[in-house]
file model.cif (mmCIF, C-alpha atoms and all ligand atoms; chains and numbers go by the auth columns)
data_final
#
loop_
_atom_site.group_PDB
_atom_site.id
_atom_site.type_symbol
_atom_site.label_atom_id
_atom_site.label_comp_id
_atom_site.label_asym_id
_atom_site.label_seq_id
_atom_site.Cartn_x
_atom_site.Cartn_y
_atom_site.Cartn_z
_atom_site.B_iso_or_equiv
_atom_site.auth_seq_id
_atom_site.auth_asym_id
ATOM 1 C CA MET A 1 138.406 48.722 54.062 0.00 14 F
ATOM 2 C CA THR A 2 138.485 51.865 51.994 0.00 15 F
ATOM 3 C CA LEU A 3 135.535 54.163 51.786 0.00 16 F
ATOM 4 C CA LEU A 4 135.043 53.242 48.127 0.00 17 F
ATOM 5 C CA ARG A 5 134.915 49.538 48.882 0.00 18 F
ATOM 6 C CA ARG A 6 132.477 50.109 51.712 0.00 19 F
ATOM 7 C CA THR A 7 130.247 52.155 49.393 0.00 20 F
ATOM 8 C CA LEU A 8 130.365 49.494 46.695 0.00 21 F
ATOM 9 C CA LEU A 9 129.470 46.804 49.190 0.00 22 F
ATOM 10 C CA ALA A 10 126.514 48.858 50.401 0.00 23 F
ATOM 11 C CA ALA A 11 125.330 49.337 46.837 0.00 24 F
ATOM 12 C CA ILE A 12 125.571 45.621 46.091 0.00 25 F
ATOM 13 C CA THR A 13 123.719 44.741 49.276 0.00 26 F
ATOM 14 C CA ALA A 14 121.019 47.267 48.462 0.00 27 F
ATOM 15 C CA SER A 15 120.442 45.945 44.960 0.00 28 F
ATOM 16 C CA PHE A 16 120.332 42.377 46.225 0.00 29 F
ATOM 17 C CA GLY A 17 117.798 43.416 48.799 0.00 30 F
ATOM 18 C CA LEU A 18 115.584 44.896 46.110 0.00 31 F
ATOM 19 C CA ALA A 19 115.951 41.892 43.839 0.00 32 F
ATOM 20 C CA LEU A 20 114.864 39.559 46.617 0.00 33 F
ATOM 21 C CA LEU A 21 111.670 41.443 47.339 0.00 34 F
ATOM 22 C CA PRO A 22 108.667 39.638 45.882 0.00 35 F
ATOM 23 C CA ALA A 23 106.680 41.386 43.126 0.00 36 F
ATOM 24 C CA THR A 24 103.845 41.708 45.614 0.00 37 F
ATOM 25 C CA ALA A 25 105.799 44.322 47.575 0.00 38 F
ATOM 26 C CA GLU A 26 104.341 47.091 45.401 0.00 39 F
ATOM 27 C CA ASP A 27 102.049 49.626 46.973 0.00 40 F
ATOM 28 C CA GLY A 28 98.880 51.008 45.517 0.00 41 F
ATOM 29 C CA ILE A 29 96.520 49.022 43.388 0.00 42 F
ATOM 30 C CA VAL A 30 97.972 45.834 41.981 0.00 43 F
ATOM 31 C CA VAL A 31 96.421 43.672 39.285 0.00 44 F
ATOM 32 C CA LEU A 32 97.045 39.954 39.622 0.00 45 F
ATOM 33 C CA ASP A 33 96.341 36.865 37.518 0.00 46 F
ATOM 34 C CA ALA A 34 94.935 38.700 34.497 0.00 47 F
ATOM 35 C CA TYR A 35 93.987 36.735 31.405 0.00 48 F
ATOM 36 C CA ALA A 36 91.765 37.156 28.379 0.00 49 F
ATOM 37 C CA ARG A 37 89.623 34.764 26.383 0.00 50 F
ATOM 38 C CA PHE A 38 88.890 35.347 22.713 0.00 51 F
ATOM 39 C CA LEU A 39 87.258 32.226 21.427 0.00 52 F
ATOM 40 C CA PRO A 40 87.931 31.574 17.727 0.00 53 F
ATOM 41 C CA GLY A 41 85.347 33.174 15.464 0.00 54 F
ATOM 42 C CA ALA A 42 83.782 35.239 18.243 0.00 55 F
ATOM 43 C CA LYS A 43 83.509 38.998 17.788 0.00 56 F
ATOM 44 C CA ALA A 44 83.840 39.623 21.491 0.00 57 F
ATOM 45 C CA GLY A 45 85.953 38.403 24.339 0.00 58 F
ATOM 46 C CA ALA A 46 86.388 38.826 28.050 0.00 59 F
ATOM 47 C CA ILE A 47 89.156 39.770 30.441 0.00 60 F
ATOM 48 C CA TYR A 48 89.369 38.386 33.965 0.00 61 F
ATOM 49 C CA LEU A 49 91.664 39.580 36.722 0.00 62 F
ATOM 50 C CA THR A 50 92.070 40.158 40.427 0.00 63 F
ATOM 51 C CA ILE A 51 92.468 43.668 41.831 0.00 64 F
ATOM 52 C CA GLU A 52 94.384 43.923 45.070 0.00 65 F
ATOM 53 C CA ASN A 53 93.993 47.217 46.871 0.00 66 F
ATOM 54 C CA ARG A 54 96.970 48.082 49.082 0.00 67 F
ATOM 55 C CA THR A 55 96.127 51.762 49.420 0.00 68 F
ATOM 56 C CA GLY A 56 93.804 51.430 52.406 0.00 69 F
ATOM 57 C CA VAL A 57 91.383 53.711 50.579 0.00 70 F
ATOM 58 C CA GLU A 58 88.188 52.600 48.882 0.00 71 F
ATOM 59 C CA ASP A 59 88.310 52.920 45.122 0.00 72 F
ATOM 60 C CA ARG A 60 86.249 52.094 42.068 0.00 73 F
ATOM 61 C CA LEU A 61 87.159 50.622 38.700 0.00 74 F
ATOM 62 C CA ILE A 62 85.333 52.938 36.336 0.00 75 F
ATOM 63 C CA ALA A 63 86.632 52.070 32.873 0.00 76 F
ATOM 64 C CA ALA A 64 88.706 49.700 30.798 0.00 77 F
ATOM 65 C CA GLN A 65 90.199 50.275 27.387 0.00 78 F
ATOM 66 C CA THR A 66 92.200 48.305 24.849 0.00 79 F
ATOM 67 C CA ASP A 67 93.391 49.289 21.381 0.00 80 F
ATOM 68 C CA LEU A 68 92.447 45.807 20.272 0.00 81 F
ATOM 69 C CA ALA A 69 88.745 46.602 20.236 0.00 82 F
ATOM 70 C CA ASP A 70 86.245 49.388 19.678 0.00 83 F
ATOM 71 C CA MET A 71 84.820 49.010 23.154 0.00 84 F
ATOM 72 C CA ALA A 72 85.595 47.503 26.531 0.00 85 F
ATOM 73 C CA GLU A 73 82.869 47.519 29.167 0.00 86 F
ATOM 74 C CA LEU A 74 82.603 46.375 32.744 0.00 87 F
ATOM 75 C CA HIS A 75 79.956 43.650 32.926 0.00 88 F
ATOM 76 C CA ARG A 76 78.265 41.555 35.566 0.00 89 F
ATOM 77 C CA SER A 77 77.061 38.055 34.772 0.00 90 F
ATOM 78 C CA ALA A 78 74.209 36.523 36.684 0.00 91 F
ATOM 79 C CA MET A 79 72.026 33.436 36.556 0.00 92 F
ATOM 80 C CA THR A 80 68.308 34.040 36.133 0.00 93 F
ATOM 81 C CA ALA A 81 65.665 32.078 38.054 0.00 94 F
ATOM 82 C CA ASP A 82 65.193 29.780 35.068 0.00 95 F
ATOM 83 C CA GLY A 83 68.884 29.019 34.766 0.00 96 F
ATOM 84 C CA MET A 84 69.838 31.369 31.939 0.00 97 F
ATOM 85 C CA MET A 85 73.124 33.292 32.108 0.00 98 F
ATOM 86 C CA THR A 86 72.671 37.000 31.490 0.00 99 F
ATOM 87 C CA MET A 87 74.987 39.954 31.732 0.00 100 F
ATOM 88 C CA GLU A 88 74.599 43.673 32.040 0.00 101 F
ATOM 89 C CA PRO A 89 76.975 46.655 32.026 0.00 102 F
ATOM 90 C CA LEU A 90 78.134 47.974 35.394 0.00 103 F
ATOM 91 C CA SER A 91 77.315 51.567 34.529 0.00 104 F
ATOM 92 C CA ASP A 92 78.646 52.914 37.856 0.00 105 F
ATOM 93 C CA GLY A 93 81.776 50.822 37.673 0.00 106 F
ATOM 94 C CA LEU A 94 82.916 48.190 40.114 0.00 107 F
ATOM 95 C CA PRO A 95 83.562 49.052 43.771 0.00 108 F
ATOM 96 C CA VAL A 96 87.009 48.114 45.076 0.00 109 F
ATOM 97 C CA GLY A 97 87.209 47.741 48.850 0.00 110 F
ATOM 98 C CA ALA A 98 89.805 49.659 50.862 0.00 111 F
ATOM 99 C CA SER A 99 91.807 46.459 51.302 0.00 112 F
ATOM 100 C CA GLY A 100 91.773 42.917 50.040 0.00 113 F
ATOM 101 C CA GLN A 101 90.850 41.629 46.616 0.00 114 F
ATOM 102 C CA THR A 102 88.143 42.257 44.050 0.00 115 F
ATOM 103 C CA VAL A 103 87.877 39.312 41.695 0.00 116 F
ATOM 104 C CA LEU A 104 86.661 39.391 38.105 0.00 117 F
ATOM 105 C CA ALA A 105 86.101 35.774 37.130 0.00 118 F
ATOM 106 C CA THR A 106 84.117 33.565 34.773 0.00 119 F
ATOM 107 C CA GLY A 107 80.422 33.530 35.655 0.00 120 F
ATOM 108 C CA GLY A 108 80.759 36.851 37.484 0.00 121 F
ATOM 109 C CA ASP A 109 82.180 40.269 36.804 0.00 122 F
ATOM 110 C CA HIS A 110 84.369 40.723 33.758 0.00 123 F
ATOM 111 C CA ILE A 111 85.642 43.200 31.227 0.00 124 F
ATOM 112 C CA MET A 112 83.729 42.638 27.995 0.00 125 F
ATOM 113 C CA VAL A 113 85.708 43.429 24.880 0.00 126 F
ATOM 114 C CA MET A 114 83.543 44.136 21.844 0.00 127 F
ATOM 115 C CA GLY A 115 84.233 45.063 18.251 0.00 128 F
ATOM 116 C CA LEU A 116 87.543 43.240 17.989 0.00 129 F
ATOM 117 C CA ARG A 117 89.937 44.791 15.469 0.00 130 F
ATOM 118 C CA ALA A 118 92.116 41.692 15.465 0.00 131 F
ATOM 119 C CA HIS A 119 91.827 38.135 16.704 0.00 132 F
ATOM 120 C CA PRO A 120 94.558 37.495 19.220 0.00 133 F
ATOM 121 C CA ALA A 121 95.753 33.935 19.602 0.00 134 F
ATOM 122 C CA ASP A 122 96.511 31.949 22.706 0.00 135 F
ATOM 123 C CA GLY A 123 99.641 33.316 24.338 0.00 136 F
ATOM 124 C CA ASP A 124 99.421 36.794 22.775 0.00 137 F
ATOM 125 C CA LEU A 125 99.729 39.751 25.118 0.00 138 F
ATOM 126 C CA ILE A 126 97.166 42.487 24.778 0.00 139 F
ATOM 127 C CA PRO A 127 97.589 45.954 26.275 0.00 140 F
ATOM 128 C CA VAL A 128 94.772 46.967 28.594 0.00 141 F
ATOM 129 C CA THR A 129 94.311 50.215 30.501 0.00 142 F
ATOM 130 C CA LEU A 130 92.195 50.249 33.639 0.00 143 F
ATOM 131 C CA THR A 131 90.934 53.512 35.095 0.00 144 F
ATOM 132 C CA PHE A 132 90.268 53.818 38.807 0.00 145 F
ATOM 133 C CA ARG A 133 88.487 56.776 40.374 0.00 146 F
ATOM 134 C CA ASN A 134 91.252 57.424 42.932 0.00 147 F
ATOM 135 C CA ALA A 135 94.287 55.528 41.724 0.00 148 F
ATOM 136 C CA GLY A 136 94.060 56.745 38.116 0.00 149 F
ATOM 137 C CA THR A 137 95.111 54.540 35.238 0.00 150 F
ATOM 138 C CA ILE A 138 97.017 51.267 35.281 0.00 151 F
ATOM 139 C CA THR A 139 98.242 49.751 32.032 0.00 152 F
ATOM 140 C CA LEU A 140 99.055 46.091 31.832 0.00 153 F
ATOM 141 C CA GLU A 141 99.707 43.373 29.280 0.00 154 F
ATOM 142 C CA VAL A 142 97.131 40.647 29.542 0.00 155 F
ATOM 143 C CA PRO A 143 97.953 37.185 28.172 0.00 156 F
ATOM 144 C CA VAL A 144 95.346 35.417 26.057 0.00 157 F
ATOM 145 C CA ASN A 145 94.457 32.013 27.473 0.00 158 F
ATOM 146 C CA ASN A 146 91.454 30.361 25.874 0.00 159 F
ATOM 147 C CA ASN A 147 91.862 27.226 27.941 0.00 160 F
ATOM 148 C CA ARG A 148 91.009 28.714 31.312 0.00 161 F
HETATM 149 CU CU CU B . 79.924 40.605 29.191 0.00 201 F
#

call {"tool": "encode", "arguments": {"input": "model.cif", "output": "structure tokens"}}
result
Amino acid sequence: MTLLRRTLLAAITASFGLALLPATAEDGIVVLDAYARFLPGAKAGAIYLTIENRTGVEDRLIAAQTDLADMAELHRSAMTADGMMTMEPLSDGLPVGASGQTVLATGGDHIMVMGLRAHPADGDLIPVTLTFRNAGTITLEVPVNNNR
């Protein structure tokens, strides 16, 4: 085998190796299972997602932003003693443990999107930027799914 052929073979093996790695092999903070709901006619919507921290260092989600709306806020939903759902802004952000997952889900924490500049439809992708105290910003495309 010539040197060139050996080098080519190594390159092919290396790229195969990379291609076979699952998406979850990334380091840092990874956002999983993000989706948004913008119910027809509503002037606000919500984004839900799971934050997986692979840094081993505690972090905090401190802000969210999307060009789709005037404002995006971190909110916490809760049930009052008399069974009413309420929500309030998380003014200090949302703590993200040093490992494991932080889940934003219906009935709990969410990103509230207010002052919509457009009304995205089911299946649209909306750009969202998350800001973490340590990890900095992460931009992702969040699919709209009003059926979840
Ligand atoms: Cu809210």

call {"tool": "closest_residue", "arguments": {"input": "model.cif", "among": "F:Leu87, F:Leu45, F:Val109, F:Leu103", "to": "Phe145 (chain F)", "atoms": "only C-alpha atoms"}}
result
F:Val109

call {"tool": "closest_residue", "arguments": {"input": "model.cif", "among": "F:Val155, F:Asn147, F:Met125, F:Asp83", "to": "ligand CU 201 (chain F)", "atoms": "all atoms listed in the file"}}
result
F:Met125

call {"tool": "residues_around", "arguments": {"input": "model.cif", "residues": "Ala131 (chain F)", "least_positions_apart": "5", "cutoff": "12 Å", "atoms": "all atoms listed in the file", "output": "list in words"}}
result
Phe51, Pro53, Gly54, Ala55, Lys56, Ala57, Gly58, Thr79, Asp80, Leu81, Ala82, Asp83, Val126, Asp137 and Ile139 of chain F

call {"tool": "residues_near_ligand", "arguments": {"input": "model.cif", "ligand": "ligand CU 201 (chain F)", "cutoff": "8 Å", "atoms": "all atoms listed in the file", "output": "ChimeraX atom specification"}}
result
/F:59,86-90,100-102,122-126

call {"tool": "closest_residue", "arguments": {"input": "model.cif", "among": "F:Val44, F:Ala94, F:Ala77, F:Leu62", "to": "Leu143 (chain F)", "atoms": "only C-alpha atoms"}}
result
F:Ala77

call {"tool": "closest_residue", "arguments": {"input": "model.cif", "among": "F:Ser112, F:Thr119, F:Thr93, F:Thr99", "to": "Ala47 (chain F)", "atoms": "all atoms listed in the file"}}
result
F:Thr119

call {"tool": "atom_distance", "arguments": {"input": "model.cif", "atom1": "CA of Leu138 (chain F)", "atom2": "CA of Gly110 (chain F)"}}
result
28.0 Å

call {"tool": "residues_around", "arguments": {"input": "model.cif", "residues": "Ala134 (chain F)", "least_positions_apart": "5", "cutoff": "10 Å", "atoms": "all atoms listed in the file", "output": "list in words"}}
result
Arg50, Phe51, Leu52, Pro53, Pro156, Val157, Asn158 and Asn159 of chain F

call {"tool": "build_atoms", "arguments": {"input": "model.cif", "residues": "region 113-140 of chain F", "atoms": "N, CA and C atoms", "output": "mmCIF file, in the frame of the given file"}}
result
data_model
loop_
_atom_site.group_PDB
_atom_site.id
_atom_site.type_symbol
_atom_site.label_atom_id
_atom_site.label_comp_id
_atom_site.auth_asym_id
_atom_site.auth_seq_id
_atom_site.Cartn_x
_atom_site.Cartn_y
_atom_site.Cartn_z
ATOM 1 N N GLY F 113 92.184 44.218 50.552
ATOM 2 C CA GLY F 113 91.773 42.917 50.040
ATOM 3 C C GLY F 113 91.612 42.905 48.537
ATOM 4 N N GLN F 114 90.900 41.868 48.051
ATOM 5 C CA GLN F 114 90.850 41.629 46.616
ATOM 6 C C GLN F 114 89.439 41.745 46.054
ATOM 7 N N THR F 115 89.377 42.230 44.829
ATOM 8 C CA THR F 115 88.143 42.257 44.050
ATOM 9 C C THR F 115 88.397 41.363 42.852
ATOM 10 N N VAL F 116 87.590 40.333 42.701
ATOM 11 C CA VAL F 116 87.877 39.312 41.695
ATOM 12 C C VAL F 116 86.897 39.404 40.525
ATOM 13 N N LEU F 117 87.456 39.505 39.331
ATOM 14 C CA LEU F 117 86.661 39.391 38.105
ATOM 15 C C LEU F 117 86.931 38.000 37.560
ATOM 16 N N ALA F 118 85.897 37.172 37.490
ATOM 17 C CA ALA F 118 86.101 35.774 37.130
ATOM 18 C C ALA F 118 84.951 35.263 36.287
ATOM 19 N N THR F 119 85.156 34.148 35.621
ATOM 20 C CA THR F 119 84.117 33.565 34.773
ATOM 21 C C THR F 119 82.847 33.346 35.590
ATOM 22 N N GLY F 120 81.709 33.672 34.982
ATOM 23 C CA GLY F 120 80.422 33.530 35.655
ATOM 24 C C GLY F 120 80.080 34.717 36.542
ATOM 25 N N GLY F 121 81.003 35.686 36.643
ATOM 26 C CA GLY F 121 80.759 36.851 37.484
ATOM 27 C C GLY F 121 81.117 38.126 36.744
ATOM 28 N N ASP F 122 81.808 38.998 37.435
ATOM 29 C CA ASP F 122 82.180 40.269 36.804
ATOM 30 C C ASP F 122 83.333 40.059 35.820
ATOM 31 N N HIS F 123 83.313 40.839 34.770
ATOM 32 C CA HIS F 123 84.369 40.723 33.758
ATOM 33 C C HIS F 123 84.458 42.002 32.942
ATOM 34 N N ILE F 124 85.515 42.108 32.184
ATOM 35 C CA ILE F 124 85.642 43.200 31.227
ATOM 36 C C ILE F 124 85.285 42.614 29.868
ATOM 37 N N MET F 125 84.201 43.128 29.294
ATOM 38 C CA MET F 125 83.729 42.638 27.995
ATOM 39 C C MET F 125 84.413 43.449 26.915
ATOM 40 N N VAL F 126 85.004 42.758 25.969
ATOM 41 C CA VAL F 126 85.708 43.429 24.880
ATOM 42 C C VAL F 126 84.911 43.184 23.601
ATOM 43 N N MET F 127 84.437 44.266 22.994
ATOM 44 C CA MET F 127 83.543 44.136 21.844
ATOM 45 C C MET F 127 84.074 44.905 20.641
ATOM 46 N N GLY F 128 83.766 44.413 19.463
ATOM 47 C CA GLY F 128 84.233 45.063 18.251
ATOM 48 C C GLY F 128 85.728 44.835 18.065
ATOM 49 N N LEU F 129 86.121 43.584 18.110
ATOM 50 C CA LEU F 129 87.543 43.240 17.989
ATOM 51 C C LEU F 129 88.103 43.715 16.647
ATOM 52 N N ARG F 130 89.267 44.344 16.699
ATOM 53 C CA ARG F 130 89.937 44.791 15.469
ATOM 54 C C ARG F 130 90.933 43.746 14.975
ATOM 55 N N ALA F 131 91.222 42.792 15.829
ATOM 56 C CA ALA F 131 92.116 41.692 15.465
ATOM 57 C C ALA F 131 91.704 40.497 16.313
ATOM 58 N N HIS F 132 92.167 39.318 15.925
ATOM 59 C CA HIS F 132 91.827 38.135 16.704
ATOM 60 C C HIS F 132 93.083 37.570 17.341
ATOM 61 N N PRO F 133 93.340 37.963 18.565
ATOM 62 C CA PRO F 133 94.558 37.495 19.220
ATOM 63 C C PRO F 133 94.498 35.988 19.469
ATOM 64 N N ALA F 134 95.653 35.383 19.402
ATOM 65 C CA ALA F 134 95.753 33.935 19.602
ATOM 66 C C ALA F 134 96.210 33.643 21.023
ATOM 67 N N ASP F 135 96.024 32.416 21.413
ATOM 68 C CA ASP F 135 96.511 31.949 22.706
ATOM 69 C C ASP F 135 97.968 32.372 22.902
ATOM 70 N N GLY F 136 98.270 32.939 24.023
ATOM 71 C CA GLY F 136 99.641 33.316 24.338
ATOM 72 C C GLY F 136 99.977 34.750 23.958
ATOM 73 N N ASP F 137 99.173 35.378 23.110
ATOM 74 C CA ASP F 137 99.421 36.794 22.775
ATOM 75 C C ASP F 137 99.218 37.660 24.015
ATOM 76 N N LEU F 138 99.906 38.783 24.030
ATOM 77 C CA LEU F 138 99.729 39.751 25.118
ATOM 78 C C LEU F 138 98.959 40.941 24.573
ATOM 79 N N ILE F 139 97.914 41.327 25.249
ATOM 80 C CA ILE F 139 97.166 42.487 24.778
ATOM 81 C C ILE F 139 97.240 43.606 25.822
ATOM 82 N N PRO F 140 97.490 44.837 25.347
ATOM 83 C CA PRO F 140 97.589 45.954 26.275
ATOM 84 C C PRO F 140 96.199 46.399 26.723
#
